[in-house]
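Undergrad: Structure: upload-v8.cif, mmCIF, C-alpha atoms.
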data_input
#
loop_
_atom_site.label_atom_id
_atom_site.label_comp_id
_atom_site.auth_asym_id
_atom_site.auth_seq_id
_atom_site.Cartn_x
_atom_site.Cartn_y
_atom_site.Cartn_z
CA MET U 1 156.17 179.38 84.44
CA ILE U 2 153.99 180.06 81.42
CA VAL U 3 151.02 177.73 80.89
CA ARG U 4 148.86 178.12 77.78
CA ASP U 5 146.09 175.96 76.36
CA PHE U 6 145.89 175.80 72.59
CA ASN U 7 142.14 175.28 72.87
CA GLU U 8 141.69 178.54 74.82
CA ILE U 9 144.01 180.80 72.84
CA ALA U 10 141.68 181.34 69.89
CA LYS U 11 139.04 182.62 72.31
CA SER U 12 141.17 184.52 74.81
CA GLU U 13 144.17 185.73 72.80
CA PRO U 14 143.11 186.08 69.14
CA THR U 15 146.26 188.06 68.30
CA ARG U 16 148.21 184.83 68.76
CA VAL U 17 146.35 183.26 65.82
CA VAL U 18 147.84 184.21 62.45
CA SER U 19 146.41 183.16 59.09
CA ASP U 20 147.57 183.58 55.55
CA ALA U 21 146.71 181.87 52.28
CA LYS U 22 145.61 178.35 53.26
CA TRP U 23 147.46 178.12 56.58
CA THR U 24 146.77 179.13 60.17
CA SER U 25 149.31 179.25 62.96
CA VAL U 26 148.69 179.44 66.70
CA ARG U 27 151.67 181.04 68.42
CA MET U 28 152.09 179.28 71.77
CA LEU U 29 155.39 181.09 72.44
CA LEU U 30 156.68 184.30 70.86
CA ALA U 31 159.81 186.45 71.18
CA ASP U 32 158.46 188.37 74.15
CA ASP U 33 158.27 185.13 76.17
CA LYS U 34 162.10 185.27 76.15
CA MET U 35 162.66 181.55 75.68
CA GLY U 36 165.09 182.12 72.78
CA PHE U 37 162.76 180.30 70.36
CA SER U 38 159.11 180.52 69.39
CA PHE U 39 156.73 177.56 69.25
CA HIS U 40 153.70 177.37 66.97
CA ILE U 41 150.99 174.87 66.11
CA THR U 42 150.37 175.30 62.39
CA PHE U 43 147.60 173.97 60.15
CA LEU U 44 148.05 173.71 56.39
CA GLU U 45 144.88 173.21 54.36
CA ALA U 46 144.34 169.96 52.45
CA GLY U 47 145.39 170.44 48.83
CA SER U 48 147.54 173.49 49.53
CA GLU U 49 151.12 174.12 48.43
CA HIS U 50 153.51 176.62 50.02
CA THR U 51 156.91 177.94 49.02
CA PHE U 52 158.83 179.17 52.07
CA HIS U 53 162.36 180.43 52.48
CA TYR U 54 163.29 181.47 56.00
CA LYS U 55 166.53 183.26 55.21
CA ASN U 56 166.70 184.76 58.69
CA HIS U 57 165.46 181.88 60.85
CA PHE U 58 166.13 178.25 61.59
CA GLU U 59 162.87 176.27 61.75
CA SER U 60 162.04 172.71 62.76
CA VAL U 61 158.66 171.23 61.92
CA TYR U 62 157.25 168.03 63.44
CA CYS U 63 154.20 166.44 61.81
CA MET U 64 151.52 165.52 64.34
CA GLN U 65 148.69 164.80 61.88
CA GLY U 66 148.03 164.62 58.15
CA SER U 67 150.06 163.76 55.07
CA GLY U 68 152.00 165.55 52.40
CA SER U 69 155.50 166.14 51.12
CA ILE U 70 158.39 168.56 51.18
CA THR U 71 160.73 169.35 48.30
CA ASP U 72 164.16 170.82 48.99
CA LEU U 73 164.59 173.29 46.14
CA ALA U 74 168.40 173.15 46.36
CA THR U 75 168.54 169.42 45.61
CA ASN U 76 165.06 168.75 44.18
CA GLU U 77 164.72 165.88 46.67
CA THR U 78 161.18 165.21 47.91
CA HIS U 79 160.44 163.63 51.32
CA GLU U 80 157.17 162.21 52.52
CA ILE U 81 155.53 164.03 55.44
CA LYS U 82 153.43 161.94 57.83
CA PRO U 83 152.95 161.78 61.60
CA GLY U 84 156.35 161.43 63.28
CA VAL U 85 158.38 163.00 60.49
CA MET U 86 160.35 166.13 61.34
CA TYR U 87 162.21 168.38 58.98
CA ALA U 88 164.69 171.04 60.11
CA LEU U 89 165.77 173.89 57.88
CA ASN U 90 169.34 174.00 59.18
CA GLU U 91 170.60 175.69 56.03
CA HIS U 92 167.66 178.10 55.68
CA ASP U 93 166.55 175.73 52.95
CA LYS U 94 164.09 177.09 50.39
CA HIS U 95 161.36 174.50 50.05
CA ILE U 96 157.87 173.63 48.86
CA LEU U 97 155.53 172.09 51.41
CA ARG U 98 152.46 170.27 50.13
CA ALA U 99 149.49 169.14 52.23
CA ASP U 100 147.67 166.19 50.68
CA GLU U 101 145.53 165.87 53.80
CA GLU U 102 145.42 168.76 56.27
CA LEU U 103 148.78 168.93 58.06
CA VAL U 104 149.05 169.77 61.76
CA MET U 105 152.63 170.70 62.62
CA ALA U 106 154.57 171.68 65.75
CA CYS U 107 157.07 174.36 64.69
CA CYS U 108 160.06 175.93 66.48
CA PHE U 109 161.74 179.08 65.18
CA ASN U 110 165.14 180.46 66.15
CA PRO U 111 165.32 183.41 66.50
CA PRO U 112 161.80 183.50 67.87
CA VAL U 113 159.22 185.25 65.72
CA THR U 114 157.55 188.32 67.20
CA GLY U 115 154.10 187.46 65.84
CA LYS U 116 154.01 190.51 63.59
CA GLU U 117 155.82 189.01 60.60
CA VAL U 118 154.15 188.40 57.27
CA HIS U 119 155.70 186.26 54.57
CA GLN U 120 157.59 188.50 52.18
CA ALA U 121 157.49 188.04 48.40
CA ASP U 122 160.56 185.78 48.59
CA GLY U 123 158.91 183.41 51.13
CA SER U 124 160.94 184.67 54.10
CA TYR U 125 160.16 186.44 57.33
CA ALA U 126 162.15 189.61 57.93
CA ALA U 127 165.04 189.37 60.39
CA PRO U 128 164.18 190.43 63.94
CA ASP U 129 166.14 193.68 63.84
CA LEU U 130 164.23 194.78 60.75
CA GLU U 131 160.93 193.86 62.40
CA ASP U 132 161.77 195.95 65.41
CA ALA U 133 162.85 198.95 63.32
CA MET I 134 167.73 170.12 55.32
CA ILE I 135 167.50 167.45 57.99
CA VAL I 136 164.61 164.97 57.72
CA ARG I 137 164.08 162.39 60.48
CA ASP I 138 161.26 159.97 61.14
CA PHE I 139 160.45 159.32 64.76
CA ASN I 140 159.30 155.82 63.81
CA GLU I 141 162.68 154.97 62.27
CA ILE I 142 164.99 156.49 64.88
CA ALA I 143 164.62 153.72 67.45
CA LYS I 144 165.77 151.21 64.82
CA SER I 145 168.38 153.24 62.98
CA GLU I 146 169.78 155.63 65.60
CA PRO I 147 169.34 154.04 69.05
CA THR I 148 171.71 156.57 70.63
CA ARG I 149 169.01 159.19 70.06
CA VAL I 150 166.67 157.32 72.42
CA VAL I 151 167.33 158.13 76.08
CA SER I 152 165.51 156.52 79.00
CA ASP I 153 165.55 157.11 82.70
CA ALA I 154 163.20 156.17 85.53
CA LYS I 155 159.76 155.98 83.94
CA TRP I 156 160.42 158.24 80.97
CA THR I 157 161.83 157.84 77.47
CA SER I 158 162.88 160.65 75.18
CA VAL I 159 163.55 160.51 71.44
CA ARG I 160 165.91 163.28 70.45
CA MET I 161 164.83 164.49 67.03
CA LEU I 162 167.31 167.41 67.13
CA LEU I 163 170.41 167.78 69.32
CA ALA I 164 173.11 170.41 69.79
CA ASP I 165 175.19 169.09 66.91
CA ASP I 166 172.36 169.85 64.49
CA LYS I 167 173.20 173.52 65.12
CA MET I 168 169.61 174.79 65.19
CA GLY I 169 170.16 176.64 68.49
CA PHE I 170 167.59 174.44 70.25
CA SER I 171 166.95 170.73 70.64
CA PHE I 172 163.63 169.01 70.01
CA HIS I 173 162.50 165.80 71.73
CA ILE I 174 159.43 163.60 71.79
CA THR I 175 159.15 162.42 75.39
CA PHE I 176 156.99 159.71 76.95
CA LEU I 177 156.21 159.69 80.68
CA GLU I 178 154.83 156.48 82.10
CA ALA I 179 151.26 156.38 83.43
CA GLY I 180 151.34 156.82 87.20
CA SER I 181 154.80 158.36 87.28
CA GLU I 182 155.90 161.55 89.00
CA HIS I 183 159.01 163.56 88.17
CA THR I 184 160.77 166.46 89.89
CA PHE I 185 162.80 168.46 87.38
CA HIS I 186 164.73 171.68 87.70
CA TYR I 187 166.48 172.82 84.54
CA LYS I 188 168.69 175.48 86.07
CA ASN I 189 170.74 175.80 82.91
CA HIS I 190 168.08 175.46 80.22
CA PHE I 191 164.80 176.98 79.10
CA GLU I 192 162.31 174.25 78.17
CA SER I 193 158.87 174.32 76.57
CA VAL I 194 156.67 171.23 76.65
CA TYR I 195 153.54 170.74 74.52
CA CYS I 196 151.17 167.91 75.42
CA MET I 197 150.19 165.82 72.39
CA GLN I 198 148.58 162.90 74.25
CA GLY I 199 147.68 161.81 77.75
CA SER I 200 146.73 163.56 80.95
CA GLY I 201 148.38 164.69 84.15
CA SER I 202 149.39 167.81 86.03
CA ILE I 203 152.29 170.11 86.76
CA THR I 204 153.03 171.83 90.05
CA ASP I 205 155.19 174.95 90.14
CA LEU I 206 157.22 174.48 93.31
CA ALA I 207 157.81 178.23 93.70
CA THR I 208 154.09 179.02 93.95
CA ASN I 209 152.58 175.60 94.69
CA GLU I 210 150.13 176.19 91.82
CA THR I 211 149.04 173.08 89.95
CA HIS I 212 147.92 173.12 86.32
CA GLU I 213 146.12 170.40 84.40
CA ILE I 214 148.05 168.82 81.54
CA LYS I 215 146.02 167.54 78.59
CA PRO I 216 146.40 167.62 74.81
CA GLY I 217 146.93 171.21 73.66
CA VAL I 218 148.38 172.48 76.93
CA MET I 219 151.93 173.86 76.82
CA TYR I 220 154.10 174.88 79.71
CA ALA I 221 157.29 176.88 79.38
CA LEU I 222 159.91 177.06 82.11
CA ASN I 223 160.89 180.65 81.43
CA GLU I 224 162.24 181.10 84.94
CA HIS I 225 163.98 177.72 85.12
CA ASP I 226 161.04 176.77 87.32
CA LYS I 227 161.49 173.77 89.59
CA HIS I 228 158.42 171.61 89.12
CA ILE I 229 156.74 168.26 89.61
CA LEU I 230 155.22 166.66 86.53
CA ARG I 231 152.69 163.87 87.05
CA ALA I 232 151.37 161.50 84.37
CA ASP I 233 147.92 160.13 85.20
CA GLU I 234 147.72 158.54 81.77
CA GLU I 235 150.92 158.16 79.71
CA LEU I 236 151.98 161.63 78.53
CA VAL I 237 153.44 162.20 75.07
CA MET I 238 155.14 165.59 74.93
CA ALA I 239 156.96 167.69 72.31
CA CYS I 240 159.85 169.41 74.12
CA CYS I 241 162.21 172.21 73.05
CA PHE I 242 165.37 173.02 75.00
CA ASN I 243 167.49 176.16 74.78
CA PRO I 244 170.44 175.79 74.87
CA PRO I 245 170.10 172.51 72.98
CA VAL I 246 170.98 169.37 74.88
CA THR I 247 173.87 167.31 73.57
CA GLY I 248 172.18 163.98 74.23
CA LYS I 249 174.76 162.94 76.81
CA GLU I 250 173.16 164.62 79.83
CA VAL I 251 171.71 162.71 82.73
CA HIS I 252 169.49 164.29 85.33
CA GLN I 253 171.62 165.35 88.28
CA ALA I 254 170.55 164.84 91.88
CA ASP I 255 168.95 168.32 91.89
CA GLY I 256 166.75 167.53 88.84
CA SER I 257 168.83 169.64 86.43
CA TYR I 258 170.92 168.95 83.38
CA ALA I 259 174.46 170.30 83.54
CA ALA I 260 175.17 173.47 81.57
CA PRO I 261 176.62 172.90 78.09
CA ASP I 262 180.13 174.10 78.96
CA LEU I 263 180.31 171.60 81.81
CA GLU I 264 179.03 168.80 79.59
CA ASP I 265 181.71 169.52 77.04
CA ALA I 266 184.43 169.65 79.71
#
Go through the file and emit its structure as structure tokens.
TA:
Amino acid sequence: MIVRDFNEIAKSEPTRVVSDAKWTSVRMLLADDKMGFSFHITFLEAGSEHTFHYKNHFESVYCMQGSGSITDLATNETHEIKPGVMYALNEHDKHILRADEELVMACCFNPPVTGKEVHQADGSYAAPDLEDA
Amino acid sequence: MIVRDFNEIAKSEPTRVVSDAKWTSVRMLLADDKMGFSFHITFLEAGSEHTFHYKNHFESVYCMQGSGSITDLATNETHEIKPGVMYALNEHDKHILRADEELVMACCFNPPVTGKEVHQADGSYAAPDLEDA
């Protein structure tokens, strides 16, 4: 059994905390935990906007705190994001995520991320086999 | 892209809400969403105690609200559960989960549950191939 406390990770395991432009993600589970998915708590700064396109991963995102919106760039539909709303990128959907207030999200990735990915120019993370190469 | 609102599901999709003795689970994602995992928001009643043993699934559980404890029955170790604590049953660990205050948990299962499982006498869910049989 793995037990981890979000509130301790920043102090004890700083490599699990990943930041990029206006977001920070705490990786509670990564590929090497061998659960078949990774699990992250992610913070998106108030007023920020992010274009992501996970071509190589399925991701679900559950809003725990904050408010914002998501636009599906295939359909141009926009959905409100508020506590209790989940979106799932079951078609690797390219999207824009906007935080009006700071968003706090619980995210699952399949395949699990390794923790070493950076967003590429196209908004994706590399596929696991490329990361391991 | 799938978008679901926890606050609407109970009204619009009651089959996604599963209850058993002293717990209720809202299935935000199930096997037929084809994400490779399922994602549930689960409530455990204050004062309740649960023995679970997911022999056929990996599960991670992130505490969003409440307080309690988990005992790993292989080692007899007990860990405090409070907001920010996650446990992951990476060895299909048989465990007792106790809610001192009502617990609100974000749970991921791999393989995804279908939504039709009930806990068997041994605390497990049947494996997917058996469920589909």
Undergrad: Extract, using only C-alpha atoms, all DNA, RNA and protein residues at most 6 Å from segment 247-264 of chain I, discarding same-chain residues fewer than 3 positions from it, and format them as a count of residues only.
TA: 7
Undergrad: Using the chain letters and residue numbers of this document, give as a ChimeraX atom specification the residues selected by the PyMOL selection byres ((chain U and resi 1-14) around 6).
TA: /U:15-17 /I:217-223
Undergrad: I'd like the residues picked by the PyMOL selection byres ((chain U and resi 61) around 8) written out as a PyMOL selection string, using the chain letters and numbers from the file.
TA: chain U and resi 59-60+62-63+86-88+105-108
Undergrad: Based on the selection just made, write C-alpha atoms of those residues as a compact mmCIF listing (two decimals), in the frame of the given file.
TA:
# COMPACT_ATOMS: atom_id res chain seq x y z
CA GLU U 59 162.87 176.27 61.75
CA SER U 60 162.04 172.71 62.76
CA TYR U 62 157.25 168.03 63.44
CA CYS U 63 154.20 166.44 61.81
CA MET U 86 160.35 166.13 61.34
CA TYR U 87 162.21 168.38 58.98
CA ALA U 88 164.69 171.04 60.11
CA MET U 105 152.63 170.70 62.62
CA ALA U 106 154.57 171.68 65.75
CA CYS U 107 157.07 174.36 64.69
CA CYS U 108 160.06 175.93 66.48
Undergrad: Running the PyMOL selection byres ((chain U and resi 51) around 6) on this model by hand, what would come out? Give it as a PDB file with C-alpha atoms, keeping the file's coordinate frame.
TA:
ATOM      1  CA  HIS U  50     153.510 176.620  50.020  1.00  0.00           C
ATOM      2  CA  PHE U  52     158.830 179.170  52.070  1.00  0.00           C
ATOM      3  CA  HIS U  95     161.360 174.500  50.050  1.00  0.00           C
ATOM      4  CA  ILE U  96     157.870 173.630  48.860  1.00  0.00           C
TER       5      ILE U  96
END
Undergrad: Using all atoms listed in the file, which of the listed residues (U:Val113, U:Glu101, U:Glu77, U:Asp93) sits closest to chain I?
TA: U:Asp93
Undergrad: May I ask for the distance between atom CA of Glu45 of chain U and atom CA of His79 of chain U, given in Å to one decimal place?
TA: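 Distance between the two atoms: 18.5 Å.
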Undergrad: Mind fitting chain U onto chain I over all Cα atoms in sequence order and sending the result as a PDB file with C-alpha atoms, keeping the file's coordinate frame?
TA:
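So the final result, stored in superposed.pdb, reads:
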ATOM      1  CA  MET U   1     167.736 170.104  55.302  1.00  0.00           C
ATOM      2  CA  ILE U   2     167.504 167.451  57.994  1.00  0.00           C
ATOM      3  CA  VAL U   3     164.610 164.985  57.725  1.00  0.00           C
ATOM      4  CA  ARG U   4     164.085 162.400  60.470  1.00  0.00           C
ATOM      5  CA  ASP U   5     161.249 159.975  61.126  1.00  0.00           C
ATOM      6  CA  PHE U   6     160.448 159.317  64.760  1.00  0.00           C
ATOM      7  CA  ASN U   7     159.294 155.827  63.812  1.00  0.00           C
ATOM      8  CA  GLU U   8     162.686 154.972  62.263  1.00  0.00           C
ATOM      9  CA  ILE U   9     164.987 156.492  64.872  1.00  0.00           C
ATOM     10  CA  ALA U  10     164.602 153.732  67.453  1.00  0.00           C
ATOM     11  CA  LYS U  11     165.745 151.227  64.829  1.00  0.00           C
ATOM     12  CA  SER U  12     168.385 153.228  62.979  1.00  0.00           C
ATOM     13  CA  GLU U  13     169.788 155.620  65.589  1.00  0.00           C
ATOM     14  CA  PRO U  14     169.340 154.037  69.044  1.00  0.00           C
ATOM     15  CA  THR U  15     171.707 156.569  70.635  1.00  0.00           C
ATOM     16  CA  ARG U  16     169.012 159.189  70.073  1.00  0.00           C
ATOM     17  CA  VAL U  17     166.670 157.324  72.441  1.00  0.00           C
ATOM     18  CA  VAL U  18     167.323 158.127  76.103  1.00  0.00           C
ATOM     19  CA  SER U  19     165.497 156.515  79.019  1.00  0.00           C
ATOM     20  CA  ASP U  20     165.547 157.085  82.724  1.00  0.00           C
ATOM     21  CA  ALA U  21     163.202 156.174  85.557  1.00  0.00           C
ATOM     22  CA  LYS U  22     159.745 155.966  83.956  1.00  0.00           C
ATOM     23  CA  TRP U  23     160.401 158.246  80.977  1.00  0.00           C
ATOM     24  CA  THR U  24     161.832 157.841  77.488  1.00  0.00           C
ATOM     25  CA  SER U  25     162.870 160.647  75.186  1.00  0.00           C
ATOM     26  CA  VAL U  26     163.543 160.500  71.453  1.00  0.00           C
ATOM     27  CA  ARG U  27     165.924 163.284  70.463  1.00  0.00           C
ATOM     28  CA  MET U  28     164.837 164.498  67.022  1.00  0.00           C
ATOM     29  CA  LEU U  29     167.311 167.410  67.139  1.00  0.00           C
ATOM     30  CA  LEU U  30     170.406 167.787  69.316  1.00  0.00           C
ATOM     31  CA  ALA U  31     173.121 170.418  69.792  1.00  0.00           C
ATOM     32  CA  ASP U  32     175.212 169.103  66.924  1.00  0.00           C
ATOM     33  CA  ASP U  33     172.363 169.857  64.489  1.00  0.00           C
ATOM     34  CA  LYS U  34     173.205 173.538  65.145  1.00  0.00           C
ATOM     35  CA  MET U  35     169.627 174.789  65.204  1.00  0.00           C
ATOM     36  CA  GLY U  36     170.161 176.644  68.508  1.00  0.00           C
ATOM     37  CA  PHE U  37     167.574 174.443  70.258  1.00  0.00           C
ATOM     38  CA  SER U  38     166.954 170.732  70.646  1.00  0.00           C
ATOM     39  CA  PHE U  39     163.622 169.019  70.008  1.00  0.00           C
ATOM     40  CA  HIS U  40     162.508 165.821  71.724  1.00  0.00           C
ATOM     41  CA  ILE U  41     159.444 163.598  71.797  1.00  0.00           C
ATOM     42  CA  THR U  42     159.145 162.417  75.392  1.00  0.00           C
ATOM     43  CA  PHE U  43     156.981 159.712  76.960  1.00  0.00           C
ATOM     44  CA  LEU U  44     156.205 159.706  80.676  1.00  0.00           C
ATOM     45  CA  GLU U  45     154.805 156.469  82.083  1.00  0.00           C
ATOM     46  CA  ALA U  46     151.246 156.367  83.435  1.00  0.00           C
ATOM     47  CA  GLY U  47     151.321 156.808  87.208  1.00  0.00           C
ATOM     48  CA  SER U  48     154.789 158.352  87.273  1.00  0.00           C
ATOM     49  CA  GLU U  49     155.885 161.547  89.010  1.00  0.00           C
ATOM     50  CA  HIS U  50     159.008 163.555  88.171  1.00  0.00           C
ATOM     51  CA  THR U  51     160.755 166.446  89.872  1.00  0.00           C
ATOM     52  CA  PHE U  52     162.796 168.454  87.362  1.00  0.00           C
ATOM     53  CA  HIS U  53     164.737 171.669  87.697  1.00  0.00           C
ATOM     54  CA  TYR U  54     166.486 172.820  84.542  1.00  0.00           C
ATOM     55  CA  LYS U  55     168.694 175.485  86.074  1.00  0.00           C
ATOM     56  CA  ASN U  56     170.742 175.798  82.896  1.00  0.00           C
ATOM     57  CA  HIS U  57     168.069 175.478  80.203  1.00  0.00           C
ATOM     58  CA  PHE U  58     164.794 176.978  79.108  1.00  0.00           C
ATOM     59  CA  GLU U  59     162.297 174.249  78.163  1.00  0.00           C
ATOM     60  CA  SER U  60     158.856 174.315  76.571  1.00  0.00           C
ATOM     61  CA  VAL U  61     156.659 171.235  76.652  1.00  0.00           C
ATOM     62  CA  TYR U  62     153.542 170.731  74.515  1.00  0.00           C
ATOM     63  CA  CYS U  63     151.172 167.889  75.406  1.00  0.00           C
ATOM     64  CA  MET U  64     150.193 165.816  72.378  1.00  0.00           C
ATOM     65  CA  GLN U  65     148.573 162.897  74.232  1.00  0.00           C
ATOM     66  CA  GLY U  66     147.674 161.803  77.750  1.00  0.00           C
ATOM     67  CA  SER U  67     146.719 163.542  80.976  1.00  0.00           C
ATOM     68  CA  GLY U  68     148.382 164.699  84.137  1.00  0.00           C
ATOM     69  CA  SER U  69     149.395 167.801  86.031  1.00  0.00           C
ATOM     70  CA  ILE U  70     152.286 170.109  86.759  1.00  0.00           C
ATOM     71  CA  THR U  71     153.020 171.834  90.058  1.00  0.00           C
ATOM     72  CA  ASP U  72     155.192 174.945  90.131  1.00  0.00           C
ATOM     73  CA  LEU U  73     157.205 174.474  93.314  1.00  0.00           C
ATOM     74  CA  ALA U  74     157.811 178.225  93.695  1.00  0.00           C
ATOM     75  CA  THR U  75     154.100 179.035  93.958  1.00  0.00           C
ATOM     76  CA  ASN U  76     152.575 175.612  94.707  1.00  0.00           C
ATOM     77  CA  GLU U  77     150.132 176.205  91.837  1.00  0.00           C
ATOM     78  CA  THR U  78     149.027 173.076  89.965  1.00  0.00           C
ATOM     79  CA  HIS U  79     147.910 173.136  86.301  1.00  0.00           C
ATOM     80  CA  GLU U  80     146.121 170.419  84.412  1.00  0.00           C
ATOM     81  CA  ILE U  81     148.054 168.837  81.532  1.00  0.00           C
ATOM     82  CA  LYS U  82     146.025 167.550  78.580  1.00  0.00           C
ATOM     83  CA  PRO U  83     146.390 167.616  74.794  1.00  0.00           C
ATOM     84  CA  GLY U  84     146.952 171.206  73.654  1.00  0.00           C
ATOM     85  CA  VAL U  85     148.399 172.480  76.917  1.00  0.00           C
ATOM     86  CA  MET U  86     151.935 173.853  76.818  1.00  0.00           C
ATOM     87  CA  TYR U  87     154.079 174.878  79.723  1.00  0.00           C
ATOM     88  CA  ALA U  88     157.300 176.880  79.370  1.00  0.00           C
ATOM     89  CA  LEU U  89     159.902 177.042  82.102  1.00  0.00           C
ATOM     90  CA  ASN U  90     160.880 180.652  81.421  1.00  0.00           C
ATOM     91  CA  GLU U  91     162.242 181.107  84.929  1.00  0.00           C
ATOM     92  CA  HIS U  92     163.977 177.712  85.115  1.00  0.00           C
ATOM     93  CA  ASP U  93     161.033 176.767  87.292  1.00  0.00           C
ATOM     94  CA  LYS U  94     161.483 173.763  89.579  1.00  0.00           C
ATOM     95  CA  HIS U  95     158.411 171.608  89.129  1.00  0.00           C
ATOM     96  CA  ILE U  96     156.729 168.248  89.614  1.00  0.00           C
ATOM     97  CA  LEU U  97     155.215 166.635  86.539  1.00  0.00           C
ATOM     98  CA  ARG U  98     152.676 163.868  87.055  1.00  0.00           C
ATOM     99  CA  ALA U  99     151.370 161.500  84.372  1.00  0.00           C
ATOM    100  CA  ASP U 100     147.923 160.143  85.205  1.00  0.00           C
ATOM    101  CA  GLU U 101     147.720 158.546  81.766  1.00  0.00           C
ATOM    102  CA  GLU U 102     150.900 158.167  79.714  1.00  0.00           C
ATOM    103  CA  LEU U 103     151.976 161.625  78.528  1.00  0.00           C
ATOM    104  CA  VAL U 104     153.438 162.201  75.064  1.00  0.00           C
ATOM    105  CA  MET U 105     155.142 165.592  74.924  1.00  0.00           C
ATOM    106  CA  ALA U 106     156.957 167.682  72.305  1.00  0.00           C
ATOM    107  CA  CYS U 107     159.846 169.410  74.100  1.00  0.00           C
ATOM    108  CA  CYS U 108     162.211 172.220  73.039  1.00  0.00           C
ATOM    109  CA  PHE U 109     165.366 173.024  74.998  1.00  0.00           C
ATOM    110  CA  ASN U 110     167.490 176.162  74.780  1.00  0.00           C
ATOM    111  CA  PRO U 111     170.439 175.771  74.857  1.00  0.00           C
ATOM    112  CA  PRO U 112     170.096 172.521  72.961  1.00  0.00           C
ATOM    113  CA  VAL U 113     170.967 169.374  74.879  1.00  0.00           C
ATOM    114  CA  THR U 114     173.873 167.314  73.567  1.00  0.00           C
ATOM    115  CA  GLY U 115     172.180 163.969  74.227  1.00  0.00           C
ATOM    116  CA  LYS U 116     174.756 162.952  76.816  1.00  0.00           C
ATOM    117  CA  GLU U 117     173.155 164.623  79.834  1.00  0.00           C
ATOM    118  CA  VAL U 118     171.716 162.691  82.741  1.00  0.00           C
ATOM    119  CA  HIS U 119     169.493 164.281  85.349  1.00  0.00           C
ATOM    120  CA  GLN U 120     171.628 165.334  88.287  1.00  0.00           C
ATOM    121  CA  ALA U 121     170.553 164.833  91.907  1.00  0.00           C
ATOM    122  CA  ASP U 122     168.961 168.303  91.918  1.00  0.00           C
ATOM    123  CA  GLY U 123     166.769 167.529  88.854  1.00  0.00           C
ATOM    124  CA  SER U 124     168.846 169.628  86.444  1.00  0.00           C
ATOM    125  CA  TYR U 125     170.939 168.931  83.393  1.00  0.00           C
ATOM    126  CA  ALA U 126     174.477 170.283  83.546  1.00  0.00           C
ATOM    127  CA  ALA U 127     175.177 173.458  81.575  1.00  0.00           C
ATOM    128  CA  PRO U 128     176.619 172.874  78.104  1.00  0.00           C
ATOM    129  CA  ASP U 129     180.116 174.087  78.948  1.00  0.00           C
ATOM    130  CA  LEU U 130     180.330 171.600  81.807  1.00  0.00           C
ATOM    131  CA  GLU U 131     179.093 168.809  79.539  1.00  0.00           C
ATOM    132  CA  ASP U 132     181.761 169.588  77.007  1.00  0.00           C
ATOM    133  CA  ALA U 133     184.531 169.737  79.622  1.00  0.00           C
TER     134      ALA U 133
END
Undergrad: Just the number, please: distance in Å from atom CA of Phe176 of chain I to atom CA of Val159 of chain I, one decimal.
TA: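 Computed distance, atom CA of Phe176 of chain I to atom CA of Val159 of chain I, equals 8.6 Å.
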Undergrad: Do you know which residues are at most 7 Å from Ser202 of chain I counting only C-alpha atoms, after dropping those on the same chain fewer than 4 positions away, and could you put them as a PyMOL selection string?
TA: chain I and resi 211-214+230-232
Undergrad: Given all atoms listed in the file as the basis, pick out the residue of I:Arg160, I:Gly199, I:Val237, I:Asp166 nearest to chain U.
TA: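 Looking only at the distances to chain U, the closest residue turns out to be I:Asp166.
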Undergrad: Identify the residues around (143.0, 169.5, 47.7) within a radius of 12 Å, measuring from only C-alpha atoms in the coordinates stated by the file, and give them as a PyMOL selection string.
TA: chain U and resi 22+44-49+67-68+98-103
Undergrad: Can you work out the spacing between atom CA of Ile174 of chain I and atom CA of His40 of chain U in Å, to one decimal?
TA: 15.7 Å
Undergrad: Given 5 Å of margin on each side, can you work out the centre and size in Å (one decimal) of an axis-aligned box holding every listed atom of segment 170-174 of chain I, as lines of an AutoDock Vina configuration file?
TA:
center_x = 163.5
center_y = 169.0
center_z = 70.9
size_x = 18.2
size_y = 20.8
size_z = 11.8
Undergrad: List every protein, DNA or RNA residue that has at least one atom no more than 9 Å from (157.9, 172.2, 95.8) in the file's coordinates, counting all atoms listed in the file, and write the result as a ChimeraX atom specification.
TA: /I:184,204-209,227-229
Undergrad: Point out the residue among I:Ser158, I:Asp153, I:Asp165, I:Asn243 with the least atom-to-atom distance to chain U, counting only C-alpha atoms.
TA: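 Counting only C-alpha atoms, the residue closest to chain U is I:Asn243.
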Undergrad: Which is closer to chain U than all the others in I:Gly169, I:Trp156, I:Gln198, I:Thr175, using only C-alpha atoms?
TA: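 Closest candidate: I:Gly169.
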